[in-house]
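Trainee: Quick one, upload_13.cif (mmCIF, C-alpha atoms):
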```cif
data_input
loop_
_atom_site.label_atom_id
_atom_site.label_comp_id
_atom_site.auth_asym_id
_atom_site.auth_seq_id
_atom_site.Cartn_x
_atom_site.Cartn_y
_atom_site.Cartn_z
CA MET A 1 0.00 0.00 0.00
CA ILE A 2 1.24 3.48 -0.85
CA TYR A 3 -0.14 6.19 1.38
CA ALA A 4 -0.07 9.54 -0.41
CA ASP A 5 -2.78 11.37 1.49
CA ASN A 6 -0.68 12.89 4.26
CA ALA A 7 -2.70 16.10 4.12
CA ALA A 8 -5.69 14.11 5.39
CA THR A 9 -3.80 12.52 8.26
CA THR A 10 -0.36 11.16 9.05
CA GLN A 11 1.07 8.01 10.56
CA LEU A 12 1.61 8.23 14.32
CA ASN A 13 5.26 8.78 15.15
CA LYS A 14 6.68 5.77 17.01
CA ALA A 15 8.35 7.93 19.66
CA ALA A 16 5.03 9.69 20.22
CA PHE A 17 3.25 6.37 20.62
CA GLU A 18 5.83 5.16 23.12
CA ALA A 19 5.67 8.43 25.04
CA MET A 20 1.89 8.04 25.33
CA THR A 21 1.59 4.54 26.74
CA PRO A 22 2.65 5.19 30.39
CA TRP A 23 -0.08 7.83 30.71
CA LEU A 24 -2.71 5.38 29.49
CA LEU A 25 -1.71 2.37 31.55
CA ASN A 26 0.09 3.35 34.73
CA GLU A 27 0.15 7.09 35.33
CA TYR A 28 -3.56 7.62 34.90
CA GLY A 29 -4.00 10.15 37.71
CA ASN A 30 -6.10 13.27 37.19
CA ALA A 31 -3.68 16.18 36.82
CA SER A 32 -6.06 18.48 38.70
CA GLN A 33 -5.99 16.47 41.93
CA PRO A 34 -3.86 17.65 44.88
CA TYR A 35 -2.26 14.29 45.82
CA ALA A 36 1.08 12.72 44.94
CA PHE A 37 -0.31 10.42 42.22
CA ALA A 38 -1.28 13.49 40.21
CA ARG A 39 2.18 15.05 40.30
CA LYS A 40 3.60 13.18 37.31
CA PRO A 41 0.69 13.88 34.95
CA LYS A 42 0.68 17.52 36.10
CA LYS A 43 4.41 17.75 35.33
CA ALA A 44 3.93 16.01 31.97
CA LEU A 45 1.21 18.48 31.08
CA ALA A 46 3.45 21.45 31.89
CA GLU A 47 6.36 19.97 29.97
CA ALA A 48 4.22 19.24 26.91
CA ARG A 49 2.90 22.81 26.95
CA ALA A 50 6.44 24.18 27.19
CA THR A 51 7.67 21.91 24.37
CA ILE A 52 4.91 23.02 22.02
CA ALA A 53 5.37 26.68 22.95
CA LYS A 54 9.08 26.46 22.20
CA CYS A 55 8.47 24.85 18.79
CA ILE A 56 6.36 27.81 17.63
CA ASN A 57 8.15 30.50 19.72
CA VAL A 58 5.45 31.57 22.16
CA GLN A 59 4.97 31.39 25.93
CA PRO A 60 3.65 28.13 27.48
CA ASP A 61 0.66 29.87 29.08
CA GLU A 62 -0.46 30.93 25.61
CA ILE A 63 -1.04 27.31 24.55
CA PHE A 64 -4.51 25.83 25.17
CA PHE A 65 -5.14 22.15 24.55
CA THR A 66 -8.21 21.27 22.50
CA SER A 67 -9.60 18.17 20.77
CA GLY A 68 -8.11 19.29 17.43
CA GLY A 69 -8.27 21.85 14.65
CA THR A 70 -12.04 21.86 14.33
CA GLU A 71 -12.56 22.69 18.00
CA SER A 72 -9.83 25.35 17.91
CA ASP A 73 -11.40 27.01 14.87
CA ASN A 74 -14.92 26.87 16.32
CA TRP A 75 -13.63 28.38 19.56
CA VAL A 76 -11.97 31.29 17.79
CA ILE A 77 -14.77 32.17 15.37
CA LYS A 78 -17.70 31.83 17.77
CA SER A 79 -16.20 32.97 21.05
CA SER A 80 -14.46 36.00 19.64
CA ALA A 81 -17.68 37.08 17.85
CA PHE A 82 -19.72 36.64 21.03
CA ALA A 83 -17.13 38.63 22.99
CA ALA A 84 -17.06 41.45 20.40
CA GLY A 85 -20.83 41.83 19.92
CA GLU A 86 -23.21 41.93 16.96
CA ASN A 87 -22.01 45.27 15.63
CA ARG A 88 -18.55 43.93 14.87
CA SER A 89 -17.74 41.79 11.85
CA THR A 90 -15.58 38.77 11.09
CA ILE A 91 -13.61 38.44 7.86
CA THR A 92 -12.40 35.15 6.50
CA SER A 93 -11.52 33.69 3.12
CA ALA A 94 -13.91 31.84 0.83
CA PHE A 95 -11.67 28.78 0.71
CA GLU A 96 -11.05 28.10 4.39
CA HIS A 97 -11.52 24.65 5.85
CA HIS A 98 -15.16 23.91 6.70
CA ALA A 99 -14.28 24.11 10.40
CA VAL A 100 -13.91 27.87 9.86
CA LEU A 101 -16.52 28.34 7.13
CA HIS A 102 -19.30 26.46 8.90
CA SER A 103 -18.49 28.25 12.16
CA CYS A 104 -18.82 31.53 10.27
CA GLU A 105 -22.17 30.41 8.83
CA ALA A 106 -23.31 29.57 12.37
CA ILE A 107 -22.54 33.07 13.71
CA GLU A 108 -24.09 34.66 10.61
CA HIS A 109 -27.34 32.86 11.44
CA LEU A 110 -27.14 34.44 14.89
CA GLY A 111 -26.82 37.91 13.38
CA TYR A 112 -23.05 38.41 13.44
CA PRO A 113 -21.83 39.76 10.07
CA VAL A 114 -19.13 37.90 8.13
CA GLY A 115 -17.22 39.04 5.03
CA TYR A 116 -15.45 36.66 2.64
CA LEU A 117 -12.14 37.29 0.86
CA MET A 118 -11.71 35.79 -2.60
CA PRO A 119 -8.32 34.26 -3.43
CA THR A 120 -6.43 34.86 -6.66
CA THR A 121 -6.50 32.06 -9.26
CA GLU A 122 -3.22 30.87 -7.74
CA GLY A 123 -4.85 30.58 -4.33
CA LEU A 124 -3.43 33.66 -2.64
CA ILE A 125 -5.26 36.02 -0.31
CA THR A 126 -3.56 39.36 -0.81
CA ALA A 127 -3.20 42.26 1.60
CA GLN A 128 -4.80 44.41 -1.10
CA THR A 129 -7.95 42.24 -1.07
CA LEU A 130 -8.11 42.41 2.71
CA ASN A 131 -7.61 46.19 2.64
CA GLY A 132 -10.59 46.39 0.30
CA ILE A 133 -13.12 45.03 2.78
CA ILE A 134 -11.68 45.52 6.26
CA SER A 135 -13.00 48.37 8.39
CA ASN A 136 -12.71 49.60 11.92
CA THR A 137 -15.77 47.53 12.84
CA THR A 138 -13.95 44.30 11.94
CA HIS A 139 -13.06 42.46 15.13
CA LEU A 140 -11.47 39.34 13.64
CA VAL A 141 -9.69 38.33 10.45
CA SER A 142 -9.18 34.58 10.02
CA VAL A 143 -7.08 33.31 7.11
CA MET A 144 -5.61 29.83 6.91
CA TYR A 145 -1.81 29.50 6.95
CA ALA A 146 -1.83 27.10 3.99
CA ASN A 147 -4.72 25.76 1.99
CA ASN A 148 -5.46 22.09 2.61
CA GLU A 149 -6.47 21.26 -0.97
CA ILE A 150 -4.01 23.20 -3.09
CA GLY A 151 -1.27 23.92 -0.54
CA THR A 152 -0.82 27.65 -1.16
CA ILE A 153 1.01 29.32 1.73
CA GLN A 154 -0.54 32.67 2.57
CA PRO A 155 1.29 35.95 3.36
CA ILE A 156 0.15 35.72 6.98
CA LYS A 157 2.49 38.35 8.41
CA GLU A 158 1.34 40.89 5.85
CA LEU A 159 -2.35 40.08 6.36
CA CYS A 160 -1.91 40.22 10.12
CA ASN A 161 -0.39 43.70 9.86
CA VAL A 162 -3.40 44.90 7.87
CA ALA A 163 -5.77 43.47 10.49
CA HIS A 164 -3.88 45.09 13.36
CA LEU A 165 -3.79 48.46 11.59
CA HIS A 166 -7.60 48.35 11.69
CA GLY A 167 -7.74 47.29 15.32
CA SER A 168 -8.78 43.74 14.45
CA LEU A 169 -7.57 40.45 15.88
CA PHE A 170 -5.92 37.99 13.51
CA HIS A 171 -6.33 34.20 13.61
CA THR A 172 -4.74 31.63 11.35
CA ASP A 173 -5.87 28.04 10.92
CA ALA A 174 -2.41 26.49 10.64
CA VAL A 175 -3.61 22.89 10.88
CA GLN A 176 -2.09 21.94 7.54
CA ALA A 177 1.20 23.74 8.14
CA VAL A 178 2.33 23.20 11.74
CA GLY A 179 5.10 20.61 11.80
CA HIS A 180 5.65 20.90 8.05
CA VAL A 181 7.09 24.37 7.66
CA GLU A 182 8.89 26.61 10.11
CA ILE A 183 6.40 28.77 11.99
CA ASP A 184 7.56 31.53 14.32
CA VAL A 185 4.33 32.80 15.82
CA SER A 186 5.93 35.75 17.58
CA ASP A 187 7.44 36.93 14.32
CA LEU A 188 4.16 36.46 12.45
CA GLY A 189 2.36 38.53 15.08
CA VAL A 190 -0.90 36.55 14.94
CA ASP A 191 -3.23 36.65 17.94
CA MET A 192 -4.49 33.07 17.59
CA LEU A 193 -3.35 29.95 15.76
CA SER A 194 -5.03 26.54 15.43
CA ALA A 195 -3.17 23.24 15.14
CA SER A 196 -4.02 19.55 15.09
CA ALA A 197 -1.68 16.74 16.18
CA HIS A 198 -2.69 14.06 13.67
CA LYS A 199 -1.51 16.29 10.81
CA PHE A 200 2.06 16.21 12.15
CA ASN A 201 2.40 12.53 13.10
CA GLY A 202 0.73 12.92 16.47
CA PRO A 203 -2.40 11.18 17.75
CA LYS A 204 -5.92 11.95 16.57
CA GLY A 205 -8.38 13.81 18.77
CA ILE A 206 -5.92 16.32 20.19
CA GLY A 207 -4.75 19.75 19.10
CA PHE A 208 -4.07 23.18 20.47
CA LEU A 209 -5.01 26.78 20.13
CA TYR A 210 -2.43 29.49 20.65
CA ILE A 211 -4.02 32.59 22.18
CA ARG A 212 -1.82 35.64 22.62
CA LYS A 213 -1.81 36.88 26.20
CA GLY A 214 -4.49 39.53 26.70
CA THR A 215 -6.63 38.49 23.70
CA LYS A 216 -10.35 39.00 24.33
CA ILE A 217 -12.07 35.67 23.74
CA LEU A 218 -14.72 33.83 25.75
CA PRO A 219 -14.02 30.34 27.17
CA TYR A 220 -14.79 27.40 24.87
CA ALA A 221 -16.22 25.21 27.61
CA ASP A 222 -17.25 26.13 31.15
CA GLY A 223 -16.70 23.72 34.01
CA GLY A 224 -13.49 22.96 35.87
CA ALA A 225 -10.42 25.15 36.14
CA GLN A 226 -8.43 23.36 33.42
CA GLU A 227 -6.67 25.38 30.73
CA SER A 228 -6.83 28.56 32.83
CA ARG A 229 -10.65 28.22 33.01
CA ARG A 230 -10.93 28.68 29.25
CA ARG A 231 -11.44 25.07 28.17
CA ALA A 232 -12.83 22.95 31.00
CA GLY A 233 -12.51 19.16 31.04
CA THR A 234 -10.03 16.64 32.40
CA GLU A 235 -6.88 16.79 30.32
CA ASN A 236 -6.02 13.97 27.90
CA ILE A 237 -2.46 13.62 29.17
CA ALA A 238 -1.45 10.70 26.92
CA SER A 239 -2.52 12.48 23.74
CA ILE A 240 -1.08 15.81 24.87
CA VAL A 241 2.29 14.16 25.56
CA GLY A 242 2.07 12.32 22.21
CA MET A 243 1.33 15.57 20.41
CA ALA A 244 4.26 17.38 22.03
CA THR A 245 6.62 14.50 21.24
CA ALA A 246 5.49 14.36 17.60
CA LEU A 247 5.81 18.11 17.15
CA LYS A 248 9.28 18.19 18.70
CA GLU A 249 10.39 15.32 16.43
CA ASN A 250 9.02 17.09 13.35
CA PHE A 251 10.65 20.38 14.29
CA THR A 252 13.99 18.74 15.06
CA GLY A 253 14.12 17.16 11.61
CA LEU A 254 12.21 19.89 9.80
CA LYS A 255 14.87 21.13 7.38
CA SER A 256 15.90 17.67 6.21
CA ASN A 257 12.27 16.49 6.04
CA VAL A 258 11.27 19.49 3.91
CA ALA A 259 14.25 18.99 1.58
CA TYR A 260 13.48 15.29 1.20
CA ILE A 261 9.75 15.75 0.59
CA LYS A 262 10.43 18.59 -1.86
CA SER A 263 12.78 16.29 -3.78
CA LEU A 264 9.98 13.70 -4.03
CA GLU A 265 7.61 16.41 -5.23
CA VAL A 266 10.02 17.53 -7.95
CA ARG A 267 10.55 13.92 -9.00
CA LEU A 268 6.81 13.30 -9.26
CA LEU A 269 6.24 16.38 -11.41
CA GLU A 270 9.21 15.57 -13.66
CA LYS A 271 8.14 11.95 -14.12
CA LEU A 272 4.58 13.03 -14.82
CA SER A 273 5.77 15.51 -17.44
CA GLU A 274 7.69 12.69 -19.12
CA THR A 275 4.41 10.77 -19.67
CA ASN A 276 3.18 13.61 -21.93
CA ILE A 277 -0.18 13.55 -20.18
CA PRO A 278 -1.28 17.19 -20.00
CA PHE A 279 -1.83 18.44 -16.45
CA VAL A 280 -2.09 21.63 -14.44
CA ARG A 281 -0.48 22.06 -11.03
CA ASN A 282 -2.69 24.22 -8.81
CA GLY A 283 -1.70 26.49 -5.95
CA GLY A 284 1.03 28.75 -7.36
CA ASP A 285 4.74 28.73 -6.57
CA ASN A 286 4.77 28.75 -2.77
CA THR A 287 3.04 25.60 -1.58
CA LEU A 288 3.38 23.20 1.33
CA PRO A 289 6.11 20.60 0.74
CA GLY A 290 4.66 17.48 -0.88
CA LEU A 291 1.12 18.80 -1.32
CA ILE A 292 0.44 18.48 -5.02
CA SER A 293 -2.93 19.43 -6.50
CA LEU A 294 -3.14 18.24 -10.09
CA SER A 295 -5.87 18.80 -12.65
CA PHE A 296 -6.37 16.68 -15.76
CA SER A 297 -8.70 18.29 -18.26
CA GLY A 298 -11.70 16.13 -19.10
CA ALA A 299 -10.82 13.45 -16.55
CA ASP A 300 -12.95 12.37 -13.59
CA GLY A 301 -11.13 13.02 -10.30
CA GLU A 302 -13.27 10.61 -8.36
CA ALA A 303 -12.70 7.80 -10.88
CA ILE A 304 -8.94 8.45 -10.67
CA LEU A 305 -9.10 8.20 -6.87
CA HIS A 306 -10.95 4.86 -6.93
CA ARG A 307 -8.78 3.39 -9.69
CA MET A 308 -5.64 4.41 -7.79
CA ASP A 309 -7.15 2.89 -4.66
CA LEU A 310 -7.66 -0.41 -6.49
CA MET A 311 -3.94 -0.29 -7.29
CA GLY A 312 -3.13 0.20 -3.61
CA ILE A 313 -2.55 3.94 -3.67
CA SER A 314 -4.36 6.33 -1.32
CA ILE A 315 -4.86 9.85 -2.67
CA SER A 316 -7.62 12.46 -2.48
CA THR A 317 -9.81 14.29 -4.96
CA GLY A 318 -11.12 17.82 -5.38
CA SER A 319 -14.50 16.74 -6.63
CA ALA A 320 -17.06 14.21 -5.49
CA CYS A 321 -19.98 12.58 -7.23
CA ASN A 322 -23.39 13.01 -5.64
CA SER A 323 -24.70 10.42 -8.11
CA VAL A 324 -26.27 13.00 -10.39
CA ASN A 325 -23.63 15.70 -10.65
CA THR A 326 -19.98 16.03 -9.86
CA GLU A 327 -19.64 18.45 -6.96
CA ILE A 328 -16.58 20.64 -7.26
CA SER A 329 -14.95 21.58 -3.96
CA HIS A 330 -15.42 25.10 -2.61
CA VAL A 331 -11.65 25.60 -2.84
CA LEU A 332 -11.48 24.89 -6.57
CA LYS A 333 -14.56 27.06 -7.11
CA ALA A 334 -12.94 29.90 -5.15
CA ILE A 335 -9.81 29.90 -7.32
CA GLN A 336 -12.12 29.83 -10.36
CA LEU A 337 -10.58 26.72 -11.82
CA GLU A 338 -12.16 25.84 -15.15
CA GLU A 339 -14.88 23.21 -14.70
CA THR A 340 -13.30 20.59 -16.95
CA LEU A 341 -10.08 20.89 -14.94
CA ALA A 342 -11.80 21.06 -11.55
CA LYS A 343 -13.72 17.84 -12.18
CA GLY A 344 -10.43 16.11 -12.98
CA THR A 345 -8.55 17.30 -9.91
CA ILE A 346 -6.72 15.08 -7.46
CA ARG A 347 -4.53 15.81 -4.43
CA ILE A 348 -1.38 13.83 -3.81
CA SER A 349 0.21 14.65 -0.46
CA LEU A 350 3.58 13.09 0.13
CA GLY A 351 5.13 12.62 3.54
CA ARG A 352 8.49 11.73 5.02
CA ASN A 353 7.61 8.02 4.90
CA ASN A 354 7.19 8.04 1.12
CA THR A 355 10.02 6.89 -1.14
CA GLU A 356 11.21 7.52 -4.69
CA GLU A 357 9.79 4.10 -5.58
CA ASP A 358 6.40 5.23 -4.27
CA VAL A 359 6.55 8.30 -6.48
CA ASP A 360 7.46 6.27 -9.56
CA PHE A 361 4.64 3.82 -8.87
CA ILE A 362 2.14 6.67 -8.40
CA VAL A 363 3.10 8.23 -11.73
CA ALA A 364 2.92 4.87 -13.53
CA ALA A 365 -0.51 4.22 -12.01
CA LEU A 366 -1.72 7.68 -12.99
CA ALA A 367 -0.53 7.18 -16.55
CA LYS A 368 -2.38 3.86 -16.70
CA VAL A 369 -5.61 5.34 -15.34
CA LEU A 370 -5.52 8.41 -17.56
CA THR A 371 -4.74 6.64 -20.81
CA LYS A 372 -6.92 3.54 -20.52
CA ILE A 373 -10.68 3.42 -20.40
CA PHE A 374 -11.27 0.77 -23.06
CA MET B 1 -39.45 -2.94 -19.99
CA GLY B 2 -36.17 -1.07 -19.86
CA LYS B 3 -33.29 -1.74 -22.23
CA ILE B 4 -31.15 -4.73 -21.22
CA THR B 5 -27.52 -3.77 -20.83
CA LYS B 6 -24.93 -6.39 -21.74
CA CYS B 7 -21.21 -6.72 -21.11
CA CYS B 8 -19.22 -5.40 -24.08
CA VAL B 9 -16.87 -8.41 -23.80
CA CYS B 10 -18.86 -11.52 -22.78
CA GLU B 11 -22.36 -10.21 -23.46
CA SER B 12 -23.71 -11.29 -20.07
CA LYS B 13 -26.61 -9.27 -18.72
CA LEU B 14 -25.61 -6.47 -16.36
CA ASP B 15 -27.34 -5.42 -13.18
CA LYS B 16 -27.47 -1.93 -11.68
CA ASP B 17 -24.38 -2.53 -9.54
CA ALA B 18 -22.21 -3.46 -12.52
CA VAL B 19 -23.38 -0.46 -14.55
CA GLY B 20 -22.89 1.87 -11.56
CA LEU B 21 -19.40 0.54 -10.93
CA ASN B 22 -18.39 1.06 -14.57
CA LYS B 23 -19.54 4.66 -14.27
CA LYS B 24 -17.70 5.17 -11.01
CA LEU B 25 -14.42 3.66 -12.14
CA LEU B 26 -14.25 4.44 -15.82
CA ASP B 27 -16.41 7.34 -16.91
CA LYS B 28 -19.78 8.70 -15.91
CA ASN B 29 -20.77 9.09 -19.57
CA LEU B 30 -20.04 5.51 -20.64
CA THR B 31 -22.25 3.81 -23.21
CA ARG B 32 -20.44 0.44 -23.19
CA PHE B 33 -20.03 -1.53 -19.98
CA PHE B 34 -18.17 -4.50 -18.53
CA CYS B 35 -19.63 -7.17 -16.27
CA ILE B 36 -17.89 -7.42 -12.90
CA ASP B 37 -15.65 -10.33 -13.99
CA CYS B 38 -14.61 -8.64 -17.23
CA LEU B 39 -14.12 -5.31 -15.45
CA ALA B 40 -11.82 -7.03 -12.95
CA ASP B 41 -9.81 -8.47 -15.87
CA HIS B 42 -9.78 -5.14 -17.67
CA LEU B 43 -8.51 -3.27 -14.62
CA ASP B 44 -6.28 -6.10 -13.43
CA VAL B 45 -7.87 -6.22 -9.99
CA SER B 46 -9.75 -8.88 -8.06
CA VAL B 47 -13.51 -9.37 -8.23
CA GLU B 48 -13.55 -9.19 -4.42
CA ASP B 49 -12.03 -5.70 -4.52
CA LEU B 50 -14.74 -4.58 -6.93
CA TYR B 51 -17.51 -5.96 -4.72
CA ALA B 52 -15.89 -4.18 -1.76
CA LYS B 53 -16.07 -0.94 -3.76
CA ILE B 54 -19.75 -1.53 -4.56
CA SER B 55 -20.42 -2.09 -0.88
CA GLU B 56 -18.65 1.16 0.04
CA PHE B 57 -20.57 3.13 -2.59
CA LYS B 58 -23.85 1.72 -1.25
CA ASP B 59 -22.84 2.66 2.31
CA GLN B 60 -22.17 6.20 1.07
CA GLY B 61 -25.73 6.27 -0.27
CA CYS B 62 -24.69 6.55 -3.93
CA THR B 63 -27.93 6.27 -5.89
CA LEU B 64 -26.20 4.60 -8.82
CA PHE B 65 -26.37 1.46 -6.69
CA LEU B 66 -29.72 1.84 -4.95
#
```
Could you express the structure from this file as structure tokens?

Mentor:
Amino acid sequence: MIYADNAATTQLNKAAFEAMTPWLLNEYGNASQPYAFARKPKKALAEARATIAKCINVQPDEIFFTSGGTESDNWVIKSSAFAAGENRSTITSAFEHHAVLHSCEAIEHLGYPVGYLMPTTEGLITAQTLNGIISNTTHLVSVMYANNEIGTIQPIKELCNVAHLHGSLFHTDAVQAVGHVEIDVSDLGVDMLSASAHKFNGPKGIGFLYIRKGTKILPYADGGAQESRRRAGTENIASIVGMATALKENFTGLKSNVAYIKSLEVRLLEKLSETNIPFVRNGGDNTLPGLISLSFSGADGEAILHRMDLMGISISTGSACNSVNTEISHVLKAIQLEETLAKGTIRISLGRNNTEEDVDFIVAALAKVLTKIF
Amino acid sequence: MGKITKCCVCESKLDKDAVGLNKKLLDKNLTRFFCIDCLADHLDVSVEDLYAKISEFKDQGCTLFL
């Protein structure tokens, strides 16, 4: 089996798995309790928070553990709107992950205004576009660090500056990017940042939200005093420790991982060009390493996915059949990709576990699928 | 009575599942179809894998198979 859908999820890092097991089996104490058996989990929690904070260059008390990217995004969009009031607006992009977009729809239904930024055809949200719709009534701008379907990395620092100039908070959904590219949150200047462990070889069901000290946002869940009373609920120590271990491992080997994955990406595109099958690479020049969105004019993306699956290759598609029509993803619609290309779009996302042989096999399989119907 | 669809290779009669699978795996606008056995040969995969796909499509609620 060749797994080339690392943008959907990643394999759990072995060191992360091993770091998790003691907290599941033996050290199961509740970190909030005042007795000796709780000391180790409490210490592990503090260490994990410090490890994560160091990886993204923030303070440990600015890291809040959540169940993942979706919860982090929901928290930001809803709680910041509720804290700001109905006269203040939220701005996001039209091709965010549904965790952001559906949260925005939810607050719109409650009467909180939301504005949507359109990306360029290459998938970029420009400062100029943001300047065009932001006003002094905007309380939050939320733009993803890198798009999950086409990989485009956004000019976050620039966008954040525009938001701050208008007195707005800035959030970035960095779920697809954390652990895959270097992210210095203090340098970026963002007020909030979402991340999810399973995207960087950590366990599923755990993530974090960075909230800059002093940022006005309501708690996500009320209850106990966990997470500085902002996200109540007994901490999932095993997963938190696994997440911190995975992130540290990814950051330690980041430069070599990026170079290796980029080399696989270049190889795939070169080999594909050699087949003479016409294709378009989406997402512009600055994309996440290994995230390759390809469009084949006139092809059926969903058929490609299933045919590749039958050959033991896991990839993703940018369109899905609802049995009557082919539904094109909101991302491909937002970048105004031509319909015949959009319907024939697939996403290959390579990871550090992929090999050159994997890449060659993927290209050979693609060539077979795209040249043979009868 | 609707038109009977036959396999373009062995001429066996095709049911809804076989036609749906051809559309899913080859092209939604197909006019010629394979039976499951001939489709497996054509794609060089096992018949079991194709039935597993049909089962997944049904679970997803795809009306091509309902």

Trainee: Go through A:Glu227, A:Asp309, A:Glu122, A:Glu357 and flag the residue nearest Leu50 in chain B, using only C-alpha atoms for the distances.

Mentor: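 The shortest atom-to-atom distance to Leu50 in chain B comes from A:Asp309.
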
Trainee: Step by step, work through what the PyMOL selection byres ((chain A and resi 72) around 8) selects in the shown file, and finish by giving those residues as a ChimeraX atom specification.

Mentor: /A:66-71,73-76,194-195,207-209

Trainee: Would you kindly translate the PyMOL selection byres ((chain B and resi 6) around 10) into the concrete residues it picks from this file, as a PyMOL selection string?

Mentor: chain B and resi 3-5+7-15+19+32-35

Trainee: Tell me, in Å to one decimal, how far CA of Thr138 in chain A is from CA of Ser168 in chain A.

Mentor: 5.8 Å

Trainee: Tell me, as an MDAnalysis selection string, which residues lie within 7 Å of Phe65 in chain B, counting all atoms listed in the file; anything in the same chain fewer than 3 positions away does not count.

Mentor: chainID B and resid 16:17 20 58 62

Trainee: Which residue, B:Leu21, B:Leu39, B:Val45, B:Ile54, has the smallest gap to chain A when you use all atoms listed in the file?

Mentor: B:Val45

Trainee: Which residues of chain B come within 6 Å of chain A, and for each one, what is the closest pair of atoms and their distance in Å to one decimal, counting only C-alpha atoms, sorted by chain and residue number, as a tab-separated table?

Mentor:
```
residue	atom	partner	partner_atom	distance
B:Lys24	CA	A:Ala303	CA	5.7
B:Leu25	CA	A:Ala303	CA	4.7
B:Leu26	CA	A:Ile373	CA	5.9
B:Cys62	CA	A:Ser323	CA	5.7
B:Thr63	CA	A:Ser323	CA	5.7
```

Trainee: Write the residues of the preceding selection, restricted to C-alpha atoms, as an mmCIF file, in the coordinates of the input.

Mentor:
```cif
data_model
loop_
_atom_site.group_PDB
_atom_site.id
_atom_site.type_symbol
_atom_site.label_atom_id
_atom_site.label_comp_id
_atom_site.auth_asym_id
_atom_site.auth_seq_id
_atom_site.Cartn_x
_atom_site.Cartn_y
_atom_site.Cartn_z
ATOM 1 C CA LYS B 24 -17.700 5.170 -11.010
ATOM 2 C CA LEU B 25 -14.420 3.660 -12.140
ATOM 3 C CA LEU B 26 -14.250 4.440 -15.820
ATOM 4 C CA CYS B 62 -24.690 6.550 -3.930
ATOM 5 C CA THR B 63 -27.930 6.270 -5.890
#
```

Trainee: Can you tell me, as a ChimeraX atom specification, what residues are no more than 9 Å from range 50-57 of chain A when counting only C-alpha atoms, ignoring any on the same chain fewer than 5 positions away?

Mentor: /A:45,62-63,178-179,182-187,210,243-245,247-248,251
